[in-house]
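Contents: one structure, followed by commentary.
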Amino acid sequence: MLSHAIAGEETGGDPEHLTRAARHQAQVDPLAALRAPGDPPWDVYLTGTVFLDIVFTGLDTAPVRGTESWARGMGSSPGGVANMAAALARLGLRTSLAAAFGDDHYGEYCWDALARGEGIDLTPSRTVPGWHSPVTVSMAYEGERTMISHGHEPPPEEPAPDCPPPARAAVASLTPGRRAPWIAQAAREGTRIFADVGWDDTGAWDLAGLADLEHCEAFLPNAEEAMRYTGSTCPKAAAHALTEHVPVAVVTLGAEGAYAVDRRTGETAEVPAIAVEALDPTGAGDVFVAGFVTGTLAGWPLADRLALAGLTAALSVQEFGGSLSAPGWSEIGAWWRRVQSLDTQNPAALRRYAFLDPLIPTHLDRPWPLRRAVPTIGFGRKA
């Protein structure tokens with residue numbers, strides 16, 4: 001196992017006219033060798049709810065009823081589907097997001113952070129008059145987190161467009177017992193669908209209830225979800241069982257890493273977790289999916305895709321917040337140079353990440369540090 005802990009800017013709209021700051025923020029285009037005239041304008045499309053995340057860290061224990069707890073750290077950042085969108089953009093993928101934004105200060109902040117800060121296309125998104133932004137408060141302690149959320153449903157016509165924009169891939173969060181019509185439509189247009197799923201509050205855990213799985217190329221549940229859906233007692237067996245329903249199954253194993261199976265090629269891959277000192281695990285699962293999507297679109301072997309996913313997720317938990325904790329190529333490059341310089345590293349483990357060498361320019365030295373979560377949404381203007 002490798003171990004090491006290492007402690008942006010403006011755009012939106014046409015991907016061919018991203019501002020200089022956003023291009024520098026991405027720094028590496030993992031699909032450069034594959035791009036050709038006539039390609040879809042976007043690499044990845046996604047839709048969902050954007051939250052304002054307020055994260056407290058440095059809690060000694062879980063909050064106790066009737067007492068007041070003080071946190072040693074705090075950060076605010078866009079959350080919800082923004083976690084995935086920012087992670088994809090920071091890995092160099094041209095990302096388009098359809099979401100509803102409130103017309104309050106929280107909504108303005110989230111829109112600015114995603115469009116101008118991360119270079120995400122918000123053309124399919126809408127600002128909803130009179131609708132306040134959903135908010136999640138996350139409390140991180142002992143490597144876990146507890147979340148409290150508040151929000152109201154946006155108007156039913158918001159925000160997903162009737163016709164999703166052309167894209168190489170889309171990321172969907174499946175809901176038991178409910179279809180999302182845009183998924184089938186995007187798949188018919190040649191978009192590759194990657195799906196995750198949340199906890200099944202109904203307790204049914206019936207794969208037939210995930211009707212849109214039939215349109216998906218890959219399904220990425222965690223170990224508990226995978227075992228419940230398949231009735232398996234082993235995460236690896238669950239991954240193999242899932243390939244009866246979807247070509248590629250990826251099961252995250254928490255501190256033990258991840259395991260994946262590709263039914264079409266017969267490949268299997270297992271990558272151990274990277275040991276890091278976790279500050280805030282918020283959004284780590286979204287960052288994992290973003291890394292796997294990136295490697296898949298780049299045409300990498302299954303093991304390399306899994307390794308990048310695990311690495312980006314590990315680096316993300318060392319920062320505050322979900323969306324703005326996602327690493328860019330400067331962080332990945334800094335980690336890779338650092339672990340190679342340590343005499344104590346296992347040579348076999350280092351070879352697992354050798355695929356990073358051609359991706360990371362030698363001049364990459366964090367000249368464009370990424371935005372991070374901050375304690376306040378904004379300070380007043382100085383006179």
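Chain labels A, B, ... are given in the sequence in which chains occur in the structure tokens; within each chain residues are numbered consecutively from 1, and ligands are likewise numbered from 1 in the order shown.
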
Next item on the list: as a VMD selection string, please: all residues of stretch 232-285 of chain A that backbone DSSP puts in strand (DSSP E).
Entry: chain A and resid 248 to 252 258 to 262 268 to 271

Margin query: Measuring between only C-alpha atoms, which one of A:Leu91, A:Ala172, A:Cys163, A:Ala275 shows the shortest distance to A:Gln185?
Written below: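 Closest candidate: A:Cys163.
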
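For the pair atom CA of A:Thr282 and atom CA of A:Arg352, the interatomic distance is 26.2 Å.
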
Next item on the list: Considering only C-alpha atoms, state which residue in the set A:Ala273, A:Val261, A:Ala307, A:Ala99 is at the smallest distance from A:Thr127.
Entry: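 Among the listed residues, the smallest separation from A:Thr127 belongs to A:Ala99.
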
Next item on the list: List every residue of stretch 63-218 of chain A that DSSP, applied to the backbone of this structure, assigns to alpha helix (DSSP H), and report them as a count of residues only.
Entry: 32

Item checked: Shell of 6 Å around stretch 191-195 of chain A, only C-alpha atoms, local chain residues under 5 positions omitted, as JSON, numbers by chain -> {"A": [167, 168, 169, 170, 171, 172, 173, 186, 216, 217, 218, 219]}

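Residues within 7 Å of A:Leu93, counting only C-alpha atoms and excluding same-chain residues fewer than 3 positions away, are Asp43, Val44, Leu88 and Ala89 of chain A.
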
Please save C-alpha atoms of the selected residues as a short mmCIF file (atom, residue, chain, number, x, y, z; two decimals), in the first residue's frame.
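Result file is result.cif:
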data_model
loop_
_atom_site.label_atom_id
_atom_site.label_comp_id
_atom_site.auth_asym_id
_atom_site.auth_seq_id
_atom_site.Cartn_x
_atom_site.Cartn_y
_atom_site.Cartn_z
CA ASP A 43 -17.33 15.08 -22.21
CA VAL A 44 -19.77 14.58 -19.34
CA LEU A 88 -14.85 15.95 -13.34
CA ALA A 89 -13.87 19.49 -14.38
#
